[in-house]
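Source file: my_file_29.cif (mmCIF, C-alpha atoms)
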data_upload
loop_
_atom_site.label_atom_id
_atom_site.label_comp_id
_atom_site.auth_asym_id
_atom_site.auth_seq_id
_atom_site.Cartn_x
_atom_site.Cartn_y
_atom_site.Cartn_z
CA MET A 1 -27.50 -8.67 -4.97
CA SER A 2 -24.43 -10.67 -5.86
CA SER A 3 -24.05 -14.24 -4.66
CA SER A 4 -20.90 -13.31 -2.74
CA THR A 5 -22.78 -10.58 -0.93
CA ALA A 6 -25.68 -12.87 -0.13
CA ALA A 7 -23.29 -15.53 1.14
CA GLN A 8 -21.99 -13.05 3.69
CA GLY A 9 -25.51 -12.15 4.78
CA LEU A 10 -25.19 -8.59 3.52
CA SER A 11 -27.72 -6.45 1.74
CA PRO A 12 -26.88 -3.35 -0.31
CA ILE A 13 -27.75 -0.26 1.72
CA ALA A 14 -26.64 2.29 -0.84
CA ASP A 15 -28.66 2.88 -3.99
CA ALA A 16 -26.19 0.85 -6.07
CA VAL A 17 -23.54 -1.77 -5.57
CA PRO A 18 -20.01 -0.46 -4.97
CA LEU A 19 -17.91 0.83 -7.83
CA SER A 20 -14.71 -0.93 -8.87
CA LEU A 21 -11.39 0.68 -9.67
CA CYS A 22 -10.52 -2.42 -11.66
CA SER A 23 -13.36 -1.70 -14.08
CA ARG A 24 -12.14 1.81 -14.82
CA GLU A 25 -9.81 2.63 -17.73
CA PRO A 26 -9.92 6.43 -17.94
CA HIS A 27 -8.57 8.41 -20.88
CA VAL A 28 -7.38 11.91 -20.03
CA PRO A 29 -7.16 14.49 -22.86
CA ALA A 30 -4.20 16.86 -22.92
CA ASP A 31 -6.30 19.95 -22.26
CA ARG A 32 -7.50 18.42 -19.00
CA LEU A 33 -3.89 17.94 -17.91
CA VAL A 34 -3.32 21.69 -18.36
CA ALA A 35 -6.59 22.77 -16.75
CA GLU A 36 -5.92 20.60 -13.71
CA MET A 37 -2.54 22.15 -12.94
CA VAL A 38 -3.90 23.70 -9.75
CA PRO A 39 -3.48 22.64 -6.12
CA PRO A 40 -5.35 19.37 -5.52
CA PRO A 41 -8.62 19.40 -3.53
CA ARG A 42 -6.86 18.59 -0.26
CA PHE A 43 -4.91 21.82 -0.63
CA GLY A 44 -7.57 23.88 -2.38
CA SER A 45 -8.37 26.00 0.68
CA VAL A 46 -5.00 26.11 2.44
CA ARG A 47 -3.35 29.45 3.02
CA PHE A 48 -0.29 30.69 4.86
CA GLY A 49 -2.63 31.56 7.72
CA THR A 50 -3.80 27.96 8.02
CA TYR A 51 -0.27 26.58 8.27
CA ILE A 52 0.48 25.91 11.95
CA PRO A 53 4.24 26.07 12.55
CA ASP A 54 5.74 23.78 15.17
CA PRO A 55 6.80 26.11 18.02
CA GLY A 56 9.98 24.10 18.41
CA ARG A 57 10.92 24.54 14.73
CA PRO A 58 11.57 28.27 14.02
CA SER A 59 12.49 27.45 10.41
CA GLN A 60 8.80 26.79 9.74
CA THR A 61 7.79 30.31 10.81
CA GLU A 62 10.65 31.77 8.79
CA ALA A 63 9.57 29.85 5.69
CA VAL A 64 6.08 31.37 5.90
CA ARG A 65 7.54 34.86 6.21
CA VAL A 66 9.85 34.44 3.22
CA LEU A 67 7.20 32.84 1.01
CA GLU A 68 4.69 35.57 1.76
CA GLY A 69 7.25 38.12 0.59
CA PHE A 70 8.07 36.03 -2.48
CA ALA A 71 4.39 35.85 -3.46
CA GLY A 72 3.97 39.58 -2.99
CA GLY A 73 6.85 40.22 -5.38
CA LEU A 74 5.16 38.30 -8.20
CA GLY A 75 2.39 40.79 -8.76
CA GLY A 76 4.10 42.70 -11.56
CA ALA A 77 5.33 41.79 -15.01
CA HIS A 78 7.81 39.01 -15.62
CA ALA A 79 11.32 39.73 -14.42
CA ILE A 80 12.60 38.86 -17.89
CA GLY A 81 9.79 39.47 -20.36
CA ALA A 82 9.53 37.08 -23.28
CA ALA A 83 8.43 39.93 -25.52
CA LYS A 84 11.85 41.56 -25.13
CA ARG A 85 13.63 38.55 -26.56
CA GLY A 86 11.22 36.96 -29.00
CA PHE A 87 8.60 34.24 -28.63
CA LEU A 88 9.31 31.37 -26.22
CA GLY A 89 12.67 32.75 -25.14
CA PHE A 90 14.34 32.70 -28.55
CA GLY A 91 16.81 35.51 -29.17
CA ARG A 92 18.45 34.78 -25.84
CA ALA A 93 21.58 36.69 -26.73
CA LYS A 94 19.86 39.91 -25.67
CA ALA A 95 19.08 38.40 -22.28
CA LYS A 96 22.53 37.01 -21.49
CA ALA A 97 23.44 39.95 -19.34
CA SER A 98 20.38 39.43 -17.17
CA LYS A 99 20.59 35.64 -17.08
CA VAL A 100 20.66 35.70 -13.27
CA PRO A 101 18.10 38.10 -11.79
CA ALA A 102 19.10 40.52 -9.03
CA SER A 103 16.98 38.49 -6.60
CA PRO A 104 16.15 34.79 -6.86
CA ARG A 105 13.16 34.01 -9.08
CA GLY A 106 12.76 30.59 -7.52
CA VAL A 107 12.41 29.01 -4.10
CA TYR A 108 13.18 25.46 -3.09
CA LEU A 109 11.48 24.06 0.02
CA ASP A 110 13.96 21.72 1.63
CA GLY A 111 12.63 19.31 4.25
CA GLY A 112 11.50 15.81 5.10
CA TYR A 113 8.09 14.38 4.27
CA GLY A 114 5.19 15.51 6.40
CA VAL A 115 6.62 18.91 7.46
CA GLY A 116 4.04 20.77 5.38
CA LYS A 117 5.99 21.54 2.20
CA THR A 118 3.00 20.92 -0.06
CA HIS A 119 0.80 23.05 2.20
CA LEU A 120 3.28 25.91 1.87
CA LEU A 121 3.74 25.39 -1.86
CA ALA A 122 -0.03 25.50 -2.41
CA SER A 123 -0.30 28.55 -0.15
CA LEU A 124 2.27 30.28 -2.35
CA TRP A 125 0.16 29.48 -5.42
CA HIS A 126 -2.96 30.89 -3.78
CA ALA A 127 -1.16 34.01 -2.49
CA THR A 128 0.44 34.93 -5.83
CA PRO A 129 -1.55 37.87 -7.23
CA ALA A 130 -2.44 36.47 -10.63
CA GLU A 131 -5.38 34.77 -12.28
CA PRO A 132 -5.41 30.96 -11.89
CA SER A 133 -4.78 30.62 -15.63
CA LEU A 134 -1.44 32.40 -15.10
CA LYS A 135 -0.30 30.04 -12.32
CA ALA A 136 0.44 26.32 -12.54
CA PHE A 137 0.79 23.73 -9.79
CA GLY A 138 1.63 20.07 -10.27
CA THR A 139 3.83 17.23 -9.21
CA PHE A 140 6.97 16.37 -11.14
CA VAL A 141 5.17 13.32 -12.57
CA GLU A 142 2.25 15.47 -13.73
CA LEU A 143 4.67 17.87 -15.41
CA THR A 144 6.45 15.08 -17.30
CA ASN A 145 3.04 13.72 -18.30
CA LEU A 146 2.17 17.14 -19.68
CA VAL A 147 5.34 17.15 -21.78
CA GLY A 148 4.48 13.68 -23.01
CA ALA A 149 0.97 14.76 -23.97
CA LEU A 150 1.77 18.14 -25.55
CA GLY A 151 5.37 17.75 -26.67
CA PHE A 152 8.28 19.83 -25.40
CA GLN A 153 7.83 22.96 -27.52
CA LYS A 154 4.07 23.13 -26.94
CA THR A 155 4.60 22.77 -23.20
CA VAL A 156 7.06 25.68 -23.26
CA GLN A 157 4.53 27.72 -25.21
CA THR A 158 1.72 26.80 -22.81
CA LEU A 159 3.60 27.63 -19.62
CA SER A 160 5.85 30.51 -20.71
CA GLY A 161 3.13 33.12 -20.15
CA HIS A 162 2.61 32.02 -16.56
CA ARG A 163 3.57 34.11 -13.55
CA LEU A 164 4.44 31.08 -11.39
CA LEU A 165 5.09 27.35 -11.75
CA CYS A 166 5.01 25.21 -8.59
CA ILE A 167 6.50 21.71 -8.81
CA ASP A 168 5.80 19.38 -5.92
CA GLU A 169 7.98 16.30 -5.33
CA PHE A 170 10.65 16.96 -7.95
CA GLU A 171 11.81 13.46 -8.87
CA LEU A 172 15.57 13.52 -8.42
CA ASP A 173 15.64 9.73 -8.64
CA ASP A 174 14.94 9.65 -12.41
CA PRO A 175 17.98 11.06 -14.29
CA GLY A 176 16.29 11.13 -17.70
CA ASP A 177 13.21 12.98 -16.55
CA THR A 178 15.33 15.29 -14.38
CA VAL A 179 17.27 16.43 -17.47
CA LEU A 180 14.02 16.88 -19.42
CA VAL A 181 12.35 18.99 -16.76
CA SER A 182 15.52 20.95 -15.98
CA THR A 183 15.74 21.89 -19.67
CA LEU A 184 12.08 22.89 -19.61
CA LEU A 185 12.60 25.02 -16.52
CA GLY A 186 15.55 26.74 -18.17
CA ARG A 187 13.32 27.81 -21.03
CA LEU A 188 10.61 28.98 -18.64
CA VAL A 189 13.07 30.98 -16.54
CA ASP A 190 14.21 32.70 -19.73
CA ALA A 191 10.56 33.54 -20.36
CA GLY A 192 10.29 35.15 -16.93
CA VAL A 193 8.35 32.45 -15.09
CA ALA A 194 8.98 32.29 -11.35
CA LEU A 195 9.57 28.80 -9.93
CA ALA A 196 8.94 27.02 -6.65
CA ALA A 197 9.74 23.40 -5.93
CA THR A 198 10.03 20.60 -3.41
CA SER A 199 11.87 17.36 -4.10
CA ASN A 200 12.67 13.80 -3.13
CA THR A 201 16.13 12.45 -2.37
CA LEU A 202 18.30 10.69 -4.92
CA PRO A 203 18.63 6.88 -4.98
CA GLY A 204 21.46 5.64 -2.83
CA LYS A 205 21.23 8.53 -0.38
CA LEU A 206 20.85 6.23 2.56
CA GLY A 207 21.96 8.56 5.31
CA GLU A 208 19.41 10.72 7.03
CA GLY A 209 17.57 11.12 3.74
CA ARG A 210 15.73 14.21 4.91
CA PHE A 211 17.34 17.18 3.23
CA ALA A 212 18.04 17.14 -0.49
CA ALA A 213 18.96 20.77 -1.27
CA ALA A 214 22.50 19.97 -2.46
CA ASP A 215 21.18 17.15 -4.65
CA PHE A 216 18.45 19.36 -6.09
CA LEU A 217 20.72 22.29 -6.91
CA ARG A 218 23.32 19.99 -8.47
CA GLU A 219 20.78 18.22 -10.66
CA ILE A 220 19.26 21.43 -12.04
CA GLN A 221 22.81 22.70 -12.65
CA GLY A 222 22.61 26.08 -14.40
CA LEU A 223 19.32 26.94 -12.75
CA SER A 224 20.67 26.81 -9.21
CA ALA A 225 21.43 30.54 -9.12
CA HIS A 226 17.74 31.25 -9.56
CA PHE A 227 16.71 29.42 -6.39
CA ARG A 228 16.72 30.44 -2.77
CA THR A 229 16.68 27.42 -0.46
CA LEU A 230 14.31 27.39 2.50
CA ARG A 231 15.14 24.62 4.93
CA ILE A 232 12.10 23.45 6.88
CA ASP A 233 12.88 21.28 9.89
CA GLY A 234 10.25 19.18 11.60
CA ASP A 235 8.60 15.83 12.17
CA ASP A 236 5.86 14.34 10.02
CA TYR A 237 2.86 16.39 11.14
CA ARG A 238 0.54 13.44 10.45
CA HIS A 239 2.08 11.69 13.45
CA ARG A 240 2.16 14.67 15.82
CA GLY A 241 -0.11 13.73 18.69
CA LEU A 242 -2.09 11.28 16.55
CA PRO A 243 -2.84 7.66 17.41
CA GLU A 244 -1.01 4.78 15.84
CA ALA A 245 -2.12 3.49 12.46
CA PRO A 246 -5.49 1.74 12.84
CA ALA A 247 -5.55 -2.03 12.63
CA PRO A 248 -7.02 -3.49 9.43
CA HIS A 249 -10.68 -4.46 9.46
CA SER A 250 -12.20 -7.79 8.49
CA ASP A 251 -13.25 -8.58 4.93
CA GLN A 252 -16.87 -8.54 6.05
CA GLN A 253 -16.55 -5.11 7.69
CA VAL A 254 -14.92 -3.65 4.58
CA THR A 255 -17.51 -5.18 2.26
CA LYS A 256 -20.41 -4.06 4.43
CA ALA A 257 -19.04 -0.50 4.58
CA ALA A 258 -18.60 -0.45 0.80
CA TYR A 259 -22.24 -1.40 0.27
CA ALA A 260 -23.37 1.11 2.88
CA THR A 261 -21.41 4.04 1.42
CA GLU A 262 -22.67 5.72 -1.72
CA GLY A 263 -19.81 6.41 -4.12
CA ALA A 264 -17.48 3.82 -2.56
CA SER A 265 -15.38 1.39 -4.56
CA LEU A 266 -14.67 -2.20 -3.54
CA ASP A 267 -11.71 -4.14 -4.93
CA ASP A 268 -9.46 -7.05 -4.07
CA PHE A 269 -6.03 -5.53 -3.45
CA PRO A 270 -3.96 -7.99 -5.57
CA HIS A 271 -6.39 -7.51 -8.47
CA LEU A 272 -6.10 -3.73 -8.13
CA LEU A 273 -2.30 -3.93 -8.31
CA ASP A 274 -2.61 -5.93 -11.53
CA HIS A 275 -5.00 -3.33 -12.94
CA LEU A 276 -2.67 -0.44 -12.12
CA ALA A 277 -0.10 -2.01 -14.42
CA ARG A 278 -2.55 -1.55 -17.31
CA VAL A 279 -3.35 2.12 -16.60
CA HIS A 280 -0.78 4.86 -17.14
CA PRO A 281 0.03 6.67 -13.85
CA SER A 282 -0.99 9.99 -15.47
CA ARG A 283 -4.55 8.65 -15.32
CA TYR A 284 -4.60 7.61 -11.67
CA GLY A 285 -6.22 10.90 -10.71
CA ALA A 286 -9.03 10.26 -13.18
CA LEU A 287 -9.24 6.72 -11.82
CA ALA A 288 -10.43 8.23 -8.55
CA ASP A 289 -12.97 10.62 -10.11
CA GLY A 290 -16.17 10.77 -8.11
CA LEU A 291 -15.07 8.33 -5.41
CA LYS A 292 -16.18 8.95 -1.84
CA ALA A 293 -14.18 6.05 -0.40
CA VAL A 294 -11.88 3.22 -1.49
CA CYS A 295 -12.48 -0.16 0.12
CA LEU A 296 -9.83 -2.85 -0.30
CA THR A 297 -9.79 -6.47 0.77
CA ASP A 298 -6.77 -8.73 1.24
CA VAL A 299 -4.11 -6.03 1.46
CA ARG A 300 -0.70 -7.69 1.36
CA PRO A 301 2.93 -6.66 0.68
CA VAL A 302 3.57 -5.54 -2.90
CA PRO A 303 5.55 -8.09 -4.90
CA ASP A 304 8.11 -5.90 -6.67
CA GLN A 305 9.41 -2.37 -7.01
CA SER A 306 7.55 -1.46 -10.21
CA THR A 307 4.28 -2.36 -8.53
CA ALA A 308 5.33 -0.45 -5.42
CA LEU A 309 6.04 2.74 -7.38
CA ARG A 310 2.66 2.56 -9.09
CA LEU A 311 1.00 2.18 -5.69
CA VAL A 312 2.86 5.27 -4.48
CA VAL A 313 1.32 7.33 -7.29
CA LEU A 314 -2.17 6.02 -6.50
CA ALA A 315 -1.68 6.81 -2.81
CA ASP A 316 -0.66 10.37 -3.72
CA ARG A 317 -3.72 10.90 -5.92
CA LEU A 318 -6.10 9.51 -3.27
CA TYR A 319 -4.47 11.65 -0.60
CA ASP A 320 -4.73 14.75 -2.81
CA ARG A 321 -8.45 14.09 -3.19
CA GLU A 322 -8.99 13.20 0.47
CA VAL A 323 -10.51 9.82 -0.39
CA PRO A 324 -10.61 7.62 2.75
CA VAL A 325 -9.22 4.10 2.37
CA LEU A 326 -10.76 1.22 4.32
CA ALA A 327 -8.85 -2.05 4.16
CA SER A 328 -8.62 -5.62 5.37
CA GLY A 329 -5.54 -7.79 5.34
CA GLN A 330 -2.18 -6.53 6.53
CA PRO A 331 -1.46 -3.02 7.90
CA PHE A 332 -0.23 -0.38 5.48
CA ASP A 333 3.14 -0.19 7.22
CA GLN A 334 3.80 -3.73 5.96
CA LEU A 335 3.20 -2.93 2.28
CA PHE A 336 6.87 -2.56 1.41
CA SER A 337 9.68 -4.99 2.14
CA GLU A 338 12.60 -4.13 4.38
CA GLU A 339 14.82 -4.07 1.30
CA MET A 340 12.53 -1.49 -0.36
CA LEU A 341 12.48 0.67 2.75
CA LYS A 342 16.27 0.74 2.76
CA GLY A 343 16.62 1.35 -0.97
CA GLY A 344 16.79 4.43 -3.16
CA TYR A 345 13.04 4.96 -3.28
CA ARG A 346 12.52 4.64 0.44
CA LYS A 347 11.36 8.22 0.87
CA LYS A 348 8.49 7.60 -1.56
CA TYR A 349 7.49 4.44 0.28
CA PHE A 350 7.51 6.14 3.67
CA ARG A 351 5.41 8.94 2.21
CA ALA A 352 2.92 6.41 0.83
CA ILE A 353 2.69 4.64 4.20
CA SER A 354 2.16 7.96 5.96
CA ARG A 355 -0.55 9.08 3.54
CA LEU A 356 -2.38 5.76 3.41
CA THR A 357 -2.32 5.64 7.21
CA ALA A 358 -3.90 9.10 7.35
CA LEU A 359 -6.59 8.00 4.87
CA ALA A 360 -7.18 4.82 6.89
CA ARG A 361 -7.87 6.93 9.96
CA ASP A 362 -10.36 8.96 7.94
CA ALA A 363 -12.07 5.73 6.87
CA GLY A 364 -12.80 4.61 10.43
CA ARG A 365 -16.13 6.45 10.35
CA LEU A 366 -17.30 4.21 7.49
CA VAL A 367 -17.27 1.15 9.73
CA GLU A 368 -19.00 3.04 12.52
CA ALA A 369 -21.67 4.27 10.11
CA GLY A 370 -22.16 0.78 8.69
#

Go through the file and emit its structure as structure tokens.
Amino acid sequence: MSSSTAAQGLSPIADAVPLSLCSREPHVPADRLVAEMVPPPRFGSVRFGTYIPDPGRPSQTEAVRVLEGFAGGLGGAHAIGAAKRGFLGFGRAKAKASKVPASPRGVYLDGGYGVGKTHLLASLWHATPAEPSLKAFGTFVELTNLVGALGFQKTVQTLSGHRLLCIDEFELDDPGDTVLVSTLLGRLVDAGVALAATSNTLPGKLGEGRFAAADFLREIQGLSAHFRTLRIDGDDYRHRGLPEAPAPHSDQQVTKAAYATEGASLDDFPHLLDHLARVHPSRYGALADGLKAVCLTDVRPVPDQSTALRLVVLADRLYDREVPVLASGQPFDQLFSEEMLKGGYRKKYFRAISRLTALARDAGRLVEAG
């Protein structure tokens, strides 16, 4: 038992003391990045039938109908077979005439955060009649990490035989990466890969900030003709009929729960933010490997935007893996400054708040059990 634990009058209930995210420095090989391009655990069992449309938002029902038809149309061979033009889309001159398919080979899900876009995107992946090895699902960040790990040409080679590529949270706020991925998608479309995507809004779009279809289609430029836009109206489902975000717990409650929960981690929040700066965001998923809960003490507002963006990635990976987050300190809706919440990355910050709040609700049982 540590002296700090003894000082608080606590005894370890679990078989071992809590884990620490700050002690983890995972290294992720490139082949794991490819193998893990499937819907995350939170969306591993979702299907179109488990999506519950808001009765007051007919666009949600329509989106399910269209996506079911889109998935059904992907059961055959590629619309533009790579074998007809040469390996990896070379010899494109022969394909010029069919550059734009008769029907769109891509869909873009256009809606605010929390309307179920990822649920629908994952349902499309599951419904597409192809082996998992012929379908890929990942966030924009995960896709750019794959290019960084494999190189551009190898990534084209790896993905060009796929039936479908789903890209969640296309990062329209990073011009350099947008060009890189748009170029990659162009090569994949030439190889006959069907595409599906969701996206974030561009920096400086400080109006409603909910619908980014025009931004998305402009940024992917020549690929726009391949996409059909599905607008999905609605409110953040995580707040539909749910209680307000739970109040933070005390340091002692968080520490006690961490010791009482096998597979839980326990870290001081400021120290964790420092550690995230030393781990590449592509490894944040591996950082959470095996965790049953994340316990954090002394949560406070993040000090700068770089730190805030790293925290967003961690929040996404924890949410994907359904890892509850128990915290002391300040509420999660106070993580980001007013200036951040009005800035170009505000949609990411609101998403992080929403997801961390959902995980905090899930963590309530840890205190009750302790």

Atom CA of A:Phe216 and atom CA of A:Pro55 are how many Å apart? 27.6 Å

Of A:Ser199, A:Leu311, A:Ser20, A:Ala149, the one sitting nearest A:Gly290 when using only C-alpha atoms is A:Ser20

Mind giving me the straight-line distance from atom CA of A:Ala196 to atom CA of A:Cys166 in Å, one decimal?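 So the two atoms, atom CA of A:Ala196 and atom CA of A:Cys166, lie 4.7 Å apart.
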
Among A:Ala30, A:Val299, A:Leu326, A:Leu185, A:Leu150 is approached most closely, using all atoms listed in the file, by A:Ala30

To verify the selection step, state as a ChimeraX atom specification which residues the PyMOL selection byres ((chain A and resi 313-319) around 7) yields on this input. /A:281,284-285,288,309-312,320-323,352,355-356,359

With distances taken over all atoms listed in the file, which residue among A:Ala194, A:Ala308, A:Ala257, A:Leu159 lies nearest A:Pro270? A:Ala308

Result set, the PyMOL selection byres ((chain A and resi 253) around 10) on current file, as a PyMOL selection string: chain A and resi 248-252+254-258+295+297+326-328+366-368+370

Quick one: write out the picked residues with C-alpha atoms as a PDB file, in the coordinates of the input?
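Okay, this is what ended up in result37.pdb:
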ATOM      1  CA  PRO A 248      -7.020  -3.490   9.430  1.00  0.00           C
ATOM      2  CA  HIS A 249     -10.680  -4.460   9.460  1.00  0.00           C
ATOM      3  CA  SER A 250     -12.200  -7.790   8.490  1.00  0.00           C
ATOM      4  CA  ASP A 251     -13.250  -8.580   4.930  1.00  0.00           C
ATOM      5  CA  GLN A 252     -16.870  -8.540   6.050  1.00  0.00           C
ATOM      6  CA  VAL A 254     -14.920  -3.650   4.580  1.00  0.00           C
ATOM      7  CA  THR A 255     -17.510  -5.180   2.260  1.00  0.00           C
ATOM      8  CA  LYS A 256     -20.410  -4.060   4.430  1.00  0.00           C
ATOM      9  CA  ALA A 257     -19.040  -0.500   4.580  1.00  0.00           C
ATOM     10  CA  ALA A 258     -18.600  -0.450   0.800  1.00  0.00           C
ATOM     11  CA  CYS A 295     -12.480  -0.160   0.120  1.00  0.00           C
ATOM     12  CA  THR A 297      -9.790  -6.470   0.770  1.00  0.00           C
ATOM     13  CA  LEU A 326     -10.760   1.220   4.320  1.00  0.00           C
ATOM     14  CA  ALA A 327      -8.850  -2.050   4.160  1.00  0.00           C
ATOM     15  CA  SER A 328      -8.620  -5.620   5.370  1.00  0.00           C
ATOM     16  CA  LEU A 366     -17.300   4.210   7.490  1.00  0.00           C
ATOM     17  CA  VAL A 367     -17.270   1.150   9.730  1.00  0.00           C
ATOM     18  CA  GLU A 368     -19.000   3.040  12.520  1.00  0.00           C
ATOM     19  CA  GLY A 370     -22.160   0.780   8.690  1.00  0.00           C
TER      20      GLY A 370
END

List every protein, DNA or RNA residue with an atom no more than 12 Å from (12.4, 19.7, -1.7) in the file's coordinates, counting only C-alpha atoms, and format the result as a short mmCIF file (atom, residue, chain, number, x, y, z; two decimals) with C-alpha atoms, in the frame of the given file.
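selection28.cif, written as the output of this step:
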data_model
loop_
_atom_site.label_atom_id
_atom_site.label_comp_id
_atom_site.auth_asym_id
_atom_site.auth_seq_id
_atom_site.Cartn_x
_atom_site.Cartn_y
_atom_site.Cartn_z
CA VAL A 107 12.41 29.01 -4.10
CA TYR A 108 13.18 25.46 -3.09
CA LEU A 109 11.48 24.06 0.02
CA ASP A 110 13.96 21.72 1.63
CA GLY A 111 12.63 19.31 4.25
CA GLY A 112 11.50 15.81 5.10
CA TYR A 113 8.09 14.38 4.27
CA GLY A 114 5.19 15.51 6.40
CA VAL A 115 6.62 18.91 7.46
CA GLY A 116 4.04 20.77 5.38
CA LYS A 117 5.99 21.54 2.20
CA THR A 118 3.00 20.92 -0.06
CA LEU A 120 3.28 25.91 1.87
CA LEU A 121 3.74 25.39 -1.86
CA THR A 139 3.83 17.23 -9.21
CA PHE A 140 6.97 16.37 -11.14
CA CYS A 166 5.01 25.21 -8.59
CA ILE A 167 6.50 21.71 -8.81
CA ASP A 168 5.80 19.38 -5.92
CA GLU A 169 7.98 16.30 -5.33
CA PHE A 170 10.65 16.96 -7.95
CA GLU A 171 11.81 13.46 -8.87
CA LEU A 172 15.57 13.52 -8.42
CA ALA A 196 8.94 27.02 -6.65
CA ALA A 197 9.74 23.40 -5.93
CA THR A 198 10.03 20.60 -3.41
CA SER A 199 11.87 17.36 -4.10
CA ASN A 200 12.67 13.80 -3.13
CA THR A 201 16.13 12.45 -2.37
CA LEU A 202 18.30 10.69 -4.92
CA GLY A 209 17.57 11.12 3.74
CA ARG A 210 15.73 14.21 4.91
CA PHE A 211 17.34 17.18 3.23
CA ALA A 212 18.04 17.14 -0.49
CA ALA A 213 18.96 20.77 -1.27
CA ALA A 214 22.50 19.97 -2.46
CA ASP A 215 21.18 17.15 -4.65
CA PHE A 216 18.45 19.36 -6.09
CA LEU A 217 20.72 22.29 -6.91
CA PHE A 227 16.71 29.42 -6.39
CA ARG A 228 16.72 30.44 -2.77
CA THR A 229 16.68 27.42 -0.46
CA LEU A 230 14.31 27.39 2.50
CA ARG A 231 15.14 24.62 4.93
CA ILE A 232 12.10 23.45 6.88
CA ASP A 233 12.88 21.28 9.89
CA LYS A 347 11.36 8.22 0.87
#

Enclose stretch 41-45 of chain A, meaning all of its atoms listed in the file, in a box aligned along x, y and z, pad it by 4 Å on each side, and list the centre and edge lengths in Å to one decimal, as lines of an AutoDock Vina configuration file.
center_x = -6.8
center_y = 22.3
center_z = -1.4
size_x = 11.7
size_y = 15.4
size_z = 12.2
